[in-house]
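> Pasting a structure here, questions to come.
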Amino acid sequence: MAGYRSKTGTAGAADRSPEAGRRRELLREMLRVRRLEERCVELYSEAKIRGFLHVYIGEEAVAAGVMSALAPEDAVVATYREHGHALLRGVPAGAILAEMYGKVEGCCRGRGGSMHLFDADTRFYGGNAIVAGGLPLAVGLALADKLSGRSRVTACFFGEGAAAEGEFHESLNLAALWNLPVLFCCENNLYAMGTALARSQSQTDLALKAASYEIPSWAVDGMDVLEVEGAARRAADGIRGGSGPHFLELRTYRFRAHSMFDPERYRDKAEVARWTERDPLLLLRTLLESSGQLDAADWEAMEREVDAEMAEAVRFAEAGTPEPADQLLRFVYSTPVQP
Amino acid sequence: MKTTYREAIRAALREALINDERVFLMGEDVGAYGGCFAVSLGLFEEFGPERIRDTPLSESAFVGAGIGAALGGMRPIVEIMTVNFSLLALDQIVNNAATLLHMSGGQFNVPIVIRTTTGAGRQLGAQHSHSLEGWFAHIPGLRILAPATLEDARGMLPTALQDPDPVLIFEHGSLYNAAGELDDDAGAVEIGHAAVRRAGTDVSLITYGGTLPVTLEAAATLAEEDIDAEVLDLRTLRPLDEAAVLATVAKTHRAVVVDEGWRSGSLSAEVSARITESAFYDLDAPVLRVCSAEVPVPYAKQLELEALPSAARIAIAARQVVGARG
Ligand SMILES: Cc1ncc(C[n+]2csc(CCOP(=O)(O)OP(=O)(O)O)c2C)c(N)n1
Ligand SMILES: [Mg+2]
């Protein structure tokens, strides 16, 4: 099941044009991420799932906008804050949750957990918990496409914290030097754990940094999914057209703590409150309602369907089989190896 | 045919590039320069800049790009000039290449081959002379090869390229000029087993890579004293051919492990531990080790020589274990 999806266009008075339908679809996608993440927090609090858990609440417009600009044959590389990316790429919510439960039905049979979701069917290459560790992989995936004469995009997500790592600079340089089809998506949520961007970078304009590598780069309002989608489409079109890597700095904000262990000493509540006024779901919903593209019945139906999807995903994960401990040594090598 | 270790590797590279269009070589100065150690000399002219791909000084990014290209269906051979510089790419090797298959629950394997030069003996000082292959042999998910002979220099690469998982090949810098006869039809060799390079009955000298020549030299010296040493070349450092180690110890009842790495926390410690774990009652004497002195490898010739395992030190250790009658 490539993403749980029920029909849009639930009965109502709202605009039924394809354009309106597409926008409602983006709203639904963001809502799916929001609800999945809320479930994750609940399940974590109930100690049903463990490990480090990083939720994406507040940043949904970034993944939703970029994913909708990608084609099935494209590839995605993401970070440890990747539940939403996996979901919107088409990994079923049940397989994601089952992974966090350590079940056979998990997308990695319990060996990855929250920070390491992978899925070959959707070309989802992780789930990387080393800050900036995924950028070189994306460069290599794009190199393979180029050497094989395939026109595909590799989208690589990373936080603004990654811009301080050497791998960021090495990878941007390589991608530009070799004119590789990489879409760099920098999720600038202003903090790397508790370190504010201005406390870690001499130059805080990240698009400018990327531009210094001769990469076409834009700063985008990452709370406006339509902006994100438009920018991602333009960038992906440019990449497919052979004009090499593109870079988007997506200006966003995480509403929740960095992880489940973060007492948030480094920012004040007023700042968070200011940003929640620009909640990406709220922004789009308001826009759609005011332009007659979403009515109350649409929204209620959407919520009902997404809630049902997530309830079913939790049920699926709960009902799964724990990956047997006697399977521990599988998948270290492709063929069994006695160390 | 007469050849050298360097030429044997080059022949293997050339064959791989001809036989499989997914294969490409990338690294610093592999192309226009002809390879830091001239291993890839001439390949740039023959195969062009796409397949003999010069990279910037970005070890982490180009090793990671090799991993990504492997995920994307290619068969990259990544050359890191020396193991000392591989430390800048440790993240990609240890956190990505070695883990992706496992973390993805078997969905993504990484068929990359990483070649690098290791070892001392050329008065290059501490930052160009260390033997760190033992560190890599610590990591589950990697396969570690150490060709010590012309046959292995020629034959390990094609076998490594068939492996669905990451393989690291450590070429000892002092071996590149080693010359000798190689069969005209030499090709792929198996990489699962250690090899007895000299059969003997009195003591097992267990080594690999760059210290094979001095170990054989020590065995020749010992033979003049009527000590018949068996020399075992591990060839593959991970997974270790434990059966071969135990078999030679069962035969000679005495063992000296020779390793250019440092002694503390080393591959030689691992081999020694396997012997005590599984062949303790076969032993007639404690296992001894001949390793590099525990200093950063120094520049001055006399200091460097003093630091490295020598035939003389190996022979002394062998006499000592043979002298210890059980
Ligand atoms: C190389 C590395 N160093 C440190 C960490 C610990 N760490 C995990 S997340 C994080 C902050 C990263 O911030 P950013 O890249 O902005 O991403 P965000 O969490 O904001 O999405 C740090 C320091 C790590 N995982 N990897
Ligand atoms: Mg951040």
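By order in the structure tokens, chains are A, B, ...; within a chain, residues start at 1; ligands start at 1, following the order shown.
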Considering only C-alpha atoms, return as an mmCIF file with N, CA, C and O atoms, in the first residue's frame whatever protein or nucleic-acid residues lie within 10 Å of Ala211 (chain A), sequence-local ones (same chain, fewer than 5 positions apart) excluded.

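Wrote part-v8.cif, looks like this:
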```cif
data_model
loop_
_atom_site.group_PDB
_atom_site.id
_atom_site.type_symbol
_atom_site.label_atom_id
_atom_site.label_comp_id
_atom_site.auth_asym_id
_atom_site.auth_seq_id
_atom_site.Cartn_x
_atom_site.Cartn_y
_atom_site.Cartn_z
ATOM 1 N N LEU A 172 28.360 19.593 -1.215
ATOM 2 C CA LEU A 172 27.870 20.632 -2.129
ATOM 3 C C LEU A 172 28.889 20.877 -3.245
ATOM 4 O O LEU A 172 28.543 21.008 -4.415
ATOM 5 N N LEU A 206 22.012 30.716 4.687
ATOM 6 C CA LEU A 206 22.487 29.405 4.229
ATOM 7 C C LEU A 206 22.392 29.258 2.717
ATOM 8 O O LEU A 206 23.221 28.586 2.098
ATOM 9 N N PRO A 216 22.397 26.933 -7.797
ATOM 10 C CA PRO A 216 21.207 27.781 -7.736
ATOM 11 C C PRO A 216 20.486 27.540 -6.405
ATOM 12 O O PRO A 216 20.151 26.400 -6.080
ATOM 13 N N SER A 217 20.273 28.598 -5.649
ATOM 14 C CA SER A 217 19.794 28.436 -4.271
ATOM 15 C C SER A 217 18.724 29.465 -3.956
ATOM 16 O O SER A 217 18.821 30.612 -4.379
ATOM 17 N N TRP A 218 17.718 29.023 -3.204
ATOM 18 C CA TRP A 218 16.670 29.939 -2.779
ATOM 19 C C TRP A 218 16.350 29.749 -1.315
ATOM 20 O O TRP A 218 16.357 28.618 -0.823
ATOM 21 N N HIS A 246 20.440 21.744 -7.062
ATOM 22 C CA HIS A 246 19.755 22.957 -6.608
ATOM 23 C C HIS A 246 19.650 22.881 -5.091
ATOM 24 O O HIS A 246 19.673 21.796 -4.518
ATOM 25 N N PHE A 247 19.500 24.041 -4.483
ATOM 26 C CA PHE A 247 19.505 24.109 -3.023
ATOM 27 C C PHE A 247 18.320 24.955 -2.555
ATOM 28 O O PHE A 247 18.126 26.074 -3.029
#
```
> Could you list, as a PDB file with all heavy atoms, in the first residue's frame, all the residues within 8 Å of ligand 2, counting only C-alpha atoms and all ligand atoms?

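Output (out-v9.pdb):
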```pdb
ATOM      1  N   GLY A 159      19.127  19.239   8.432  1.00  0.00           N
ATOM      2  CA  GLY A 159      18.861  20.442   9.208  1.00  0.00           C
ATOM      3  C   GLY A 159      19.915  21.508   8.958  1.00  0.00           C
ATOM      4  O   GLY A 159      20.968  21.243   8.375  1.00  0.00           O
ATOM      5  N   GLU A 160      19.624  22.716   9.423  1.00  0.00           N
ATOM      6  CA  GLU A 160      20.607  23.792   9.237  1.00  0.00           C
ATOM      7  C   GLU A 160      21.860  23.516  10.056  1.00  0.00           C
ATOM      8  O   GLU A 160      22.939  24.021   9.727  1.00  0.00           O
ATOM      9  CB  GLU A 160      19.994  25.152   9.578  1.00  0.00           C
ATOM     10  CG  GLU A 160      20.071  25.602  11.041  1.00  0.00           C
ATOM     11  CD  GLU A 160      19.296  24.733  12.007  1.00  0.00           C
ATOM     12  OE1 GLU A 160      18.370  24.015  11.580  1.00  0.00           O
ATOM     13  OE2 GLU A 160      19.617  24.756  13.222  1.00  0.00           O
ATOM     14  N   GLY A 161      21.742  22.666  11.088  1.00  0.00           N
ATOM     15  CA  GLY A 161      22.928  22.314  11.868  1.00  0.00           C
ATOM     16  C   GLY A 161      23.983  21.651  11.004  1.00  0.00           C
ATOM     17  O   GLY A 161      25.187  21.790  11.249  1.00  0.00           O
ATOM     18  N   GLU A 187      16.487  22.133   6.011  1.00  0.00           N
ATOM     19  CA  GLU A 187      15.355  22.455   6.879  1.00  0.00           C
ATOM     20  C   GLU A 187      15.863  23.367   7.990  1.00  0.00           C
ATOM     21  O   GLU A 187      16.338  22.901   9.023  1.00  0.00           O
ATOM     22  CB  GLU A 187      14.774  21.157   7.453  1.00  0.00           C
ATOM     23  CG  GLU A 187      14.421  20.153   6.362  1.00  0.00           C
ATOM     24  CD  GLU A 187      13.811  18.860   6.889  1.00  0.00           C
ATOM     25  OE1 GLU A 187      14.390  18.258   7.824  1.00  0.00           O
ATOM     26  OE2 GLU A 187      12.757  18.447   6.371  1.00  0.00           O
ATOM     27  N   ASN A 188      15.767  24.650   7.738  1.00  0.00           N
ATOM     28  CA  ASN A 188      16.289  25.609   8.715  1.00  0.00           C
ATOM     29  C   ASN A 188      15.214  25.916   9.754  1.00  0.00           C
ATOM     30  O   ASN A 188      14.369  26.783   9.563  1.00  0.00           O
ATOM     31  CB  ASN A 188      16.750  26.884   8.016  1.00  0.00           C
ATOM     32  CG  ASN A 188      17.295  27.896   9.009  1.00  0.00           C
ATOM     33  OD1 ASN A 188      17.401  27.606  10.212  1.00  0.00           O
ATOM     34  ND2 ASN A 188      17.641  29.073   8.529  1.00  0.00           N
ATOM     35  N   ASN A 189      15.282  25.176  10.860  1.00  0.00           N
ATOM     36  CA  ASN A 189      14.316  25.429  11.944  1.00  0.00           C
ATOM     37  C   ASN A 189      14.970  26.251  13.060  1.00  0.00           C
ATOM     38  O   ASN A 189      14.478  26.287  14.183  1.00  0.00           O
ATOM     39  CB  ASN A 189      13.736  24.106  12.472  1.00  0.00           C
ATOM     40  CG  ASN A 189      14.814  23.198  13.032  1.00  0.00           C
ATOM     41  OD1 ASN A 189      15.959  23.615  13.210  1.00  0.00           O
ATOM     42  ND2 ASN A 189      14.460  21.961  13.314  1.00  0.00           N
ATOM     43  N   LEU A 190      16.072  26.861  12.732  1.00  0.00           N
ATOM     44  CA  LEU A 190      16.763  27.838  13.586  1.00  0.00           C
ATOM     45  C   LEU A 190      17.541  27.258  14.752  1.00  0.00           C
ATOM     46  O   LEU A 190      18.335  27.960  15.371  1.00  0.00           O
ATOM     47  CB  LEU A 190      15.787  28.900  14.123  1.00  0.00           C
ATOM     48  CG  LEU A 190      15.145  29.774  13.033  1.00  0.00           C
ATOM     49  CD1 LEU A 190      14.082  30.678  13.657  1.00  0.00           C
ATOM     50  CD2 LEU A 190      16.200  30.605  12.312  1.00  0.00           C
ATOM     51  N   TYR A 191      17.341  26.002  15.058  1.00  0.00           N
ATOM     52  CA  TYR A 191      18.070  25.398  16.180  1.00  0.00           C
ATOM     53  C   TYR A 191      18.637  24.043  15.811  1.00  0.00           C
ATOM     54  O   TYR A 191      17.989  23.246  15.127  1.00  0.00           O
ATOM     55  CB  TYR A 191      17.155  25.195  17.397  1.00  0.00           C
ATOM     56  CG  TYR A 191      16.733  26.488  18.038  1.00  0.00           C
ATOM     57  CD1 TYR A 191      15.549  27.107  17.640  1.00  0.00           C
ATOM     58  CD2 TYR A 191      17.511  27.095  19.022  1.00  0.00           C
ATOM     59  CE1 TYR A 191      15.155  28.302  18.210  1.00  0.00           C
ATOM     60  CE2 TYR A 191      17.122  28.284  19.599  1.00  0.00           C
ATOM     61  CZ  TYR A 191      15.942  28.892  19.192  1.00  0.00           C
ATOM     62  OH  TYR A 191      15.556  30.082  19.757  1.00  0.00           O
ATOM     63  N   ALA A 192      19.828  23.796  16.295  1.00  0.00           N
ATOM     64  CA  ALA A 192      20.424  22.465  16.262  1.00  0.00           C
ATOM     65  C   ALA A 192      20.480  22.028  17.728  1.00  0.00           C
ATOM     66  O   ALA A 192      21.287  22.553  18.493  1.00  0.00           O
ATOM     67  CB  ALA A 192      21.812  22.505  15.655  1.00  0.00           C
ATOM     68  N   MET A 193      19.598  21.142  18.112  1.00  0.00           N
ATOM     69  CA  MET A 193      19.326  20.901  19.528  1.00  0.00           C
ATOM     70  C   MET A 193      19.091  22.265  20.174  1.00  0.00           C
ATOM     71  O   MET A 193      18.141  22.947  19.815  1.00  0.00           O
ATOM     72  CB  MET A 193      20.439  20.098  20.199  1.00  0.00           C
ATOM     73  CG  MET A 193      20.452  18.648  19.716  1.00  0.00           C
ATOM     74  SD  MET A 193      21.677  17.565  20.477  1.00  0.00           S
ATOM     75  CE  MET A 193      21.140  17.525  22.157  1.00  0.00           C
ATOM     76  N   LEU A 197      21.039  29.134  15.344  1.00  0.00           N
ATOM     77  CA  LEU A 197      21.850  29.313  14.144  1.00  0.00           C
ATOM     78  C   LEU A 197      22.885  30.424  14.322  1.00  0.00           C
ATOM     79  O   LEU A 197      24.059  30.265  13.990  1.00  0.00           O
ATOM     80  CB  LEU A 197      20.918  29.631  12.959  1.00  0.00           C
ATOM     81  CG  LEU A 197      21.579  29.828  11.597  1.00  0.00           C
ATOM     82  CD1 LEU A 197      22.352  28.588  11.169  1.00  0.00           C
ATOM     83  CD2 LEU A 197      20.538  30.189  10.546  1.00  0.00           C
TER      84      LEU A 197
END
```
> Return as a tab-separated table the residues of chain A lying at most 7 Å from chain B, together with the closest atom-to-atom pair for each and the distance in Å to one decimal, counting only C-alpha atoms, with rows in chain order and ascending residue number.

```
residue	atom	partner	partner_atom	distance
A:Cys108	CA	B:Gly105	CA	4.1
A:Arg109	CA	B:Gly105	CA	5.3
A:Arg111	CA	B:Met103	CA	5.0
A:Gly112	CA	B:Met103	CA	4.6
A:His116	CA	B:Met103	CA	6.5
A:Phe118	CA	B:Ser104	CA	5.3
A:Ala120	CA	B:Gln107	CA	6.0
A:Pro136	CA	B:Gly64	CA	4.6
A:Leu137	CA	B:Gly68	CA	4.1
A:Ala138	CA	B:Gly68	CA	6.2
A:Val139	CA	B:Ala65	CA	5.4
A:Gly140	CA	B:Ala65	CA	3.6
A:Leu141	CA	B:Gly68	CA	4.5
A:Leu143	CA	B:Ala69	CA	6.1
A:Ala144	CA	B:Ala69	CA	4.7
A:Glu167	CA	B:Ala61	CA	6.0
A:Glu170	CA	B:Ala61	CA	5.6
A:Ser171	CA	B:Ala61	CA	5.5
A:Phe331	CA	B:His102	CA	4.6
A:Val332	CA	B:Gly141	CA	5.1
A:Tyr333	CA	B:Gly141	CA	5.7
A:Ser334	CA	B:Pro164	CA	6.5
A:Gln338	CA	B:Pro239	CA	6.5
A:Pro339	CA	B:Pro239	CA	4.5
```
> Counting only C-alpha atoms and all ligand atoms, name the residues that have an atom within 10 Å of an atom of ligand 1; the answer should be given as a ChimeraX atom specification.
/A:52,54-56,59,79-82,115,128-133,157-167,186-197,252-254,257-259 /B:91
> Grab the residues selected above and save them as a CSV table (one decimal), in the first residue's frame with N, CA and C atoms.

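Contents of out-v7.csv, as written:
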```
chain,number,residue,atom,x,y,z
A,52,PHE,N,15.8,7.4,20.8
A,52,PHE,CA,15.6,8.9,20.6
A,52,PHE,C,14.5,9.1,19.6
A,54,HIS,N,12.5,12.1,17.5
A,54,HIS,CA,12.4,13.5,17.1
A,54,HIS,C,11.2,13.7,16.2
A,55,VAL,N,10.3,14.6,16.6
A,55,VAL,CA,9.1,14.7,15.8
A,55,VAL,C,9.2,16.0,15.0
A,56,TYR,N,8.4,16.1,14.0
A,56,TYR,CA,8.4,17.0,12.9
A,56,TYR,C,7.3,18.1,12.9
A,59,GLU,N,6.9,21.5,11.0
A,59,GLU,CA,7.8,21.5,9.8
A,59,GLU,C,7.1,20.7,8.7
A,79,THR,N,17.0,12.6,7.5
A,79,THR,CA,17.7,12.6,8.8
A,79,THR,C,16.9,11.7,9.8
A,80,TYR,N,17.3,11.9,11.0
A,80,TYR,CA,16.7,11.2,12.1
A,80,TYR,C,15.3,11.8,12.5
A,81,ARG,N,15.0,12.9,11.8
A,81,ARG,CA,13.6,13.5,12.1
A,81,ARG,C,12.8,13.2,10.8
A,82,GLU,N,12.7,11.9,10.5
A,82,GLU,CA,12.2,11.6,9.2
A,82,GLU,C,10.9,10.8,9.1
A,115,MET,N,15.0,6.5,14.1
A,115,MET,CA,16.0,7.4,13.4
A,115,MET,C,16.5,6.8,12.1
A,128,ASN,N,19.1,8.9,8.6
A,128,ASN,CA,20.5,8.9,9.0
A,128,ASN,C,20.7,9.8,10.2
A,129,ALA,N,21.3,9.2,11.3
A,129,ALA,CA,21.4,9.9,12.5
A,129,ALA,C,22.7,10.5,12.8
A,130,ILE,N,23.5,10.6,11.7
A,130,ILE,CA,24.8,11.4,11.8
A,130,ILE,C,24.5,12.7,11.1
A,131,VAL,N,24.6,13.8,11.8
A,131,VAL,CA,24.3,15.1,11.2
A,131,VAL,C,25.2,15.3,10.0
A,132,ALA,N,24.6,15.5,8.8
A,132,ALA,CA,25.3,15.7,7.5
A,132,ALA,C,25.7,14.3,6.9
A,133,GLY,N,25.6,13.2,7.6
A,133,GLY,CA,26.0,12.0,7.1
A,133,GLY,C,25.3,11.5,5.8
A,157,PHE,N,17.4,15.7,2.5
A,157,PHE,CA,17.0,16.6,3.6
A,157,PHE,C,18.0,16.6,4.7
A,158,PHE,N,18.2,17.8,5.3
A,158,PHE,CA,19.1,17.9,6.4
A,158,PHE,C,18.8,19.2,7.2
A,159,GLY,N,19.1,19.2,8.4
A,159,GLY,CA,18.9,20.4,9.2
A,159,GLY,C,19.9,21.5,9.0
A,160,GLU,N,19.6,22.7,9.4
A,160,GLU,CA,20.6,23.8,9.2
A,160,GLU,C,21.9,23.5,10.1
A,161,GLY,N,21.7,22.7,11.1
A,161,GLY,CA,22.9,22.3,11.9
A,161,GLY,C,24.0,21.7,11.0
A,162,ALA,N,23.5,20.9,10.0
A,162,ALA,CA,24.5,20.2,9.1
A,162,ALA,C,25.4,21.2,8.3
A,163,ALA,N,25.0,22.4,8.2
A,163,ALA,CA,25.8,23.4,7.4
A,163,ALA,C,27.1,23.7,8.1
A,164,ALA,N,27.2,23.3,9.3
A,164,ALA,CA,28.5,23.5,10.0
A,164,ALA,C,29.5,22.3,9.9
A,165,GLU,N,29.0,21.3,9.3
A,165,GLU,CA,29.8,20.1,9.1
A,165,GLU,C,30.6,20.1,7.8
A,166,GLY,N,31.8,19.5,7.9
A,166,GLY,CA,32.6,19.4,6.7
A,166,GLY,C,31.9,18.6,5.6
A,167,GLU,N,31.1,17.6,5.9
A,167,GLU,CA,30.4,16.8,4.9
A,167,GLU,C,29.5,17.6,4.1
A,186,CYS,N,17.5,22.1,2.8
A,186,CYS,CA,18.0,22.4,4.2
A,186,CYS,C,16.8,22.9,5.0
A,187,GLU,N,16.5,22.1,6.0
A,187,GLU,CA,15.4,22.5,6.9
A,187,GLU,C,15.9,23.4,8.0
A,188,ASN,N,15.8,24.7,7.7
A,188,ASN,CA,16.3,25.6,8.7
A,188,ASN,C,15.2,25.9,9.8
A,189,ASN,N,15.3,25.2,10.9
A,189,ASN,CA,14.3,25.4,11.9
A,189,ASN,C,15.0,26.3,13.1
A,190,LEU,N,16.1,26.9,12.7
A,190,LEU,CA,16.8,27.8,13.6
A,190,LEU,C,17.5,27.3,14.8
A,191,TYR,N,17.3,26.0,15.1
A,191,TYR,CA,18.1,25.4,16.2
A,191,TYR,C,18.6,24.0,15.8
A,192,ALA,N,19.8,23.8,16.3
A,192,ALA,CA,20.4,22.5,16.3
A,192,ALA,C,20.5,22.0,17.7
A,193,MET,N,19.6,21.1,18.1
A,193,MET,CA,19.3,20.9,19.5
A,193,MET,C,19.1,22.3,20.2
A,194,GLY,N,20.0,22.7,21.1
A,194,GLY,CA,19.8,24.0,21.7
A,194,GLY,C,20.6,25.1,21.2
A,195,THR,N,21.3,24.9,20.1
A,195,THR,CA,22.2,25.9,19.5
A,195,THR,C,21.5,26.7,18.4
A,196,ALA,N,21.3,27.9,18.7
A,196,ALA,CA,20.6,28.8,17.7
A,196,ALA,C,21.6,29.0,16.5
A,197,LEU,N,21.0,29.1,15.3
A,197,LEU,CA,21.9,29.3,14.1
A,197,LEU,C,22.9,30.4,14.3
A,252,THR,N,11.8,27.3,8.6
A,252,THR,CA,10.7,26.6,9.3
A,252,THR,C,11.0,26.7,10.8
A,253,TYR,N,10.2,25.9,11.6
A,253,TYR,CA,10.4,26.0,13.0
A,253,TYR,C,9.8,24.7,13.6
A,254,ARG,N,10.5,24.2,14.6
A,254,ARG,CA,9.9,23.0,15.2
A,254,ARG,C,9.2,23.4,16.5
A,257,ALA,N,9.8,20.0,21.4
A,257,ALA,CA,11.2,19.8,21.8
A,257,ALA,C,12.0,19.1,20.8
A,258,HIS,N,13.4,19.3,20.8
A,258,HIS,CA,14.3,18.6,19.9
A,258,HIS,C,14.0,17.1,19.9
A,259,SER,N,13.9,16.5,21.1
A,259,SER,CA,13.6,15.1,21.2
A,259,SER,C,12.8,14.9,22.4
B,91,ASP,N,33.6,8.2,9.3
B,91,ASP,CA,32.1,8.3,9.5
B,91,ASP,C,31.4,7.5,8.4
```
> When distances are computed from only C-alpha atoms, which of B:Cys291, B:Leu41, B:Leu168, B:Val322 shows the smallest separation from Gly265 (chain B)?
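Ranking B:Cys291, B:Leu41, B:Leu168, B:Val322 by distance to Gly265 (chain B), first place goes to B:Cys291.
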> Please identify which residues in region 14-113 of chain A DSSP calls helix (DSSP H, G or I) from the backbone, and express them as an NGL selection string.
:A and (18-45 or 60-67 or 83-89 or 93-100)
> Could the residues in this selection be saved with C-alpha atoms as a CSV table (one decimal), in the first residue's frame?

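Now in out-v1.csv:
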```csv
chain,number,residue,atom,x,y,z
A,18,PRO,CA,-8.2,20.0,-9.8
A,19,GLU,CA,-6.2,22.9,-8.4
A,20,ALA,CA,-8.4,23.0,-5.3
A,21,GLY,CA,-8.2,19.2,-5.0
A,22,ARG,CA,-4.4,19.3,-5.2
A,23,ARG,CA,-4.3,21.9,-2.4
A,24,ARG,CA,-6.6,19.8,-0.2
A,25,GLU,CA,-4.3,16.9,-0.9
A,26,LEU,CA,-1.3,18.9,0.5
A,27,LEU,CA,-3.4,19.7,3.5
A,28,ARG,CA,-4.2,16.1,4.0
A,29,GLU,CA,-0.6,15.1,3.7
A,30,MET,CA,0.5,17.6,6.3
A,31,LEU,CA,-2.3,16.4,8.5
A,32,ARG,CA,-1.2,12.8,8.1
A,33,VAL,CA,2.3,13.8,9.4
A,34,ARG,CA,0.9,15.8,12.2
A,35,ARG,CA,-1.3,13.0,13.4
A,36,LEU,CA,1.4,10.3,13.0
A,37,GLU,CA,3.8,12.4,15.1
A,38,GLU,CA,1.2,13.0,17.8
A,39,ARG,CA,0.7,9.3,18.0
A,40,CYS,CA,4.4,8.8,18.3
A,41,VAL,CA,4.6,11.2,21.2
A,42,GLU,CA,1.7,9.4,22.9
A,43,LEU,CA,3.2,6.0,22.3
A,44,TYR,CA,6.5,7.2,23.6
A,45,SER,CA,4.9,8.5,26.8
A,60,GLU,CA,5.2,19.4,7.9
A,61,ALA,CA,5.0,21.9,4.9
A,62,VAL,CA,8.6,21.1,4.0
A,63,ALA,CA,8.3,17.4,3.5
A,64,ALA,CA,4.8,17.7,2.0
A,65,GLY,CA,5.8,20.4,-0.5
A,66,VAL,CA,9.0,18.7,-1.6
A,67,MET,CA,7.6,15.2,-1.8
A,83,HIS,CA,8.9,9.9,10.1
A,84,GLY,CA,7.0,12.4,8.0
A,85,HIS,CA,9.4,12.1,5.0
A,86,ALA,CA,9.0,8.3,5.1
A,87,LEU,CA,5.2,8.5,5.3
A,88,LEU,CA,4.8,11.1,2.5
A,89,ARG,CA,7.2,9.1,0.3
A,93,ALA,CA,2.2,4.4,8.7
A,94,GLY,CA,1.8,0.9,10.0
A,95,ALA,CA,5.3,-0.2,8.8
A,96,ILE,CA,6.8,3.0,10.4
A,97,LEU,CA,5.2,2.4,13.8
A,98,ALA,CA,5.9,-1.3,13.7
A,99,GLU,CA,9.5,-0.4,13.2
A,100,MET,CA,9.4,1.7,16.4
```
> Could you pull out the residues in region 31-232 of chain B that DSSP calls strand (DSSP E) from the backbone, as a ChimeraX atom specification?
/B:52-54,75-82,113-118,143-145,167-172,179-181,195-198,203-207,229-232
> Looking at only C-alpha atoms, which of B:Val113, B:Ala146, B:Ile314, B:Ala188 is the one that sits closest to Pro158 (chain B)?
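Between B:Val113, B:Ala146, B:Ile314, B:Ala188, the residue approaching Pro158 (chain B) most closely is B:Ala188.
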> As an exercise, work out the distance from CA of Leu294 (chain A) to CA of Ala14 (chain A) in Å and give it to one decimal place.
5.2 Å
> So how far away is CA of Tyr125 (chain A) from CA of Gly244 (chain A), in Å?
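Atom-to-atom, CA of Gly244 (chain A) and CA of Tyr125 (chain A) are spaced 20.6 Å apart.
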> What lies within 7 Å of Val104 (chain A) using only C-alpha atoms, ignoring chain neighbours under 5 positions off, as a PyMOL selection string?
chain A and resi 109-110+320-323
> Extract, using only C-alpha atoms, all DNA, RNA and protein residues at most 12 Å from region 193-195 of chain B, discarding same-chain residues fewer than 6 positions from it, and format them as a VMD selection string.
chain B and resid 145 to 149 151 to 152 156 205 to 209 212 230 to 248
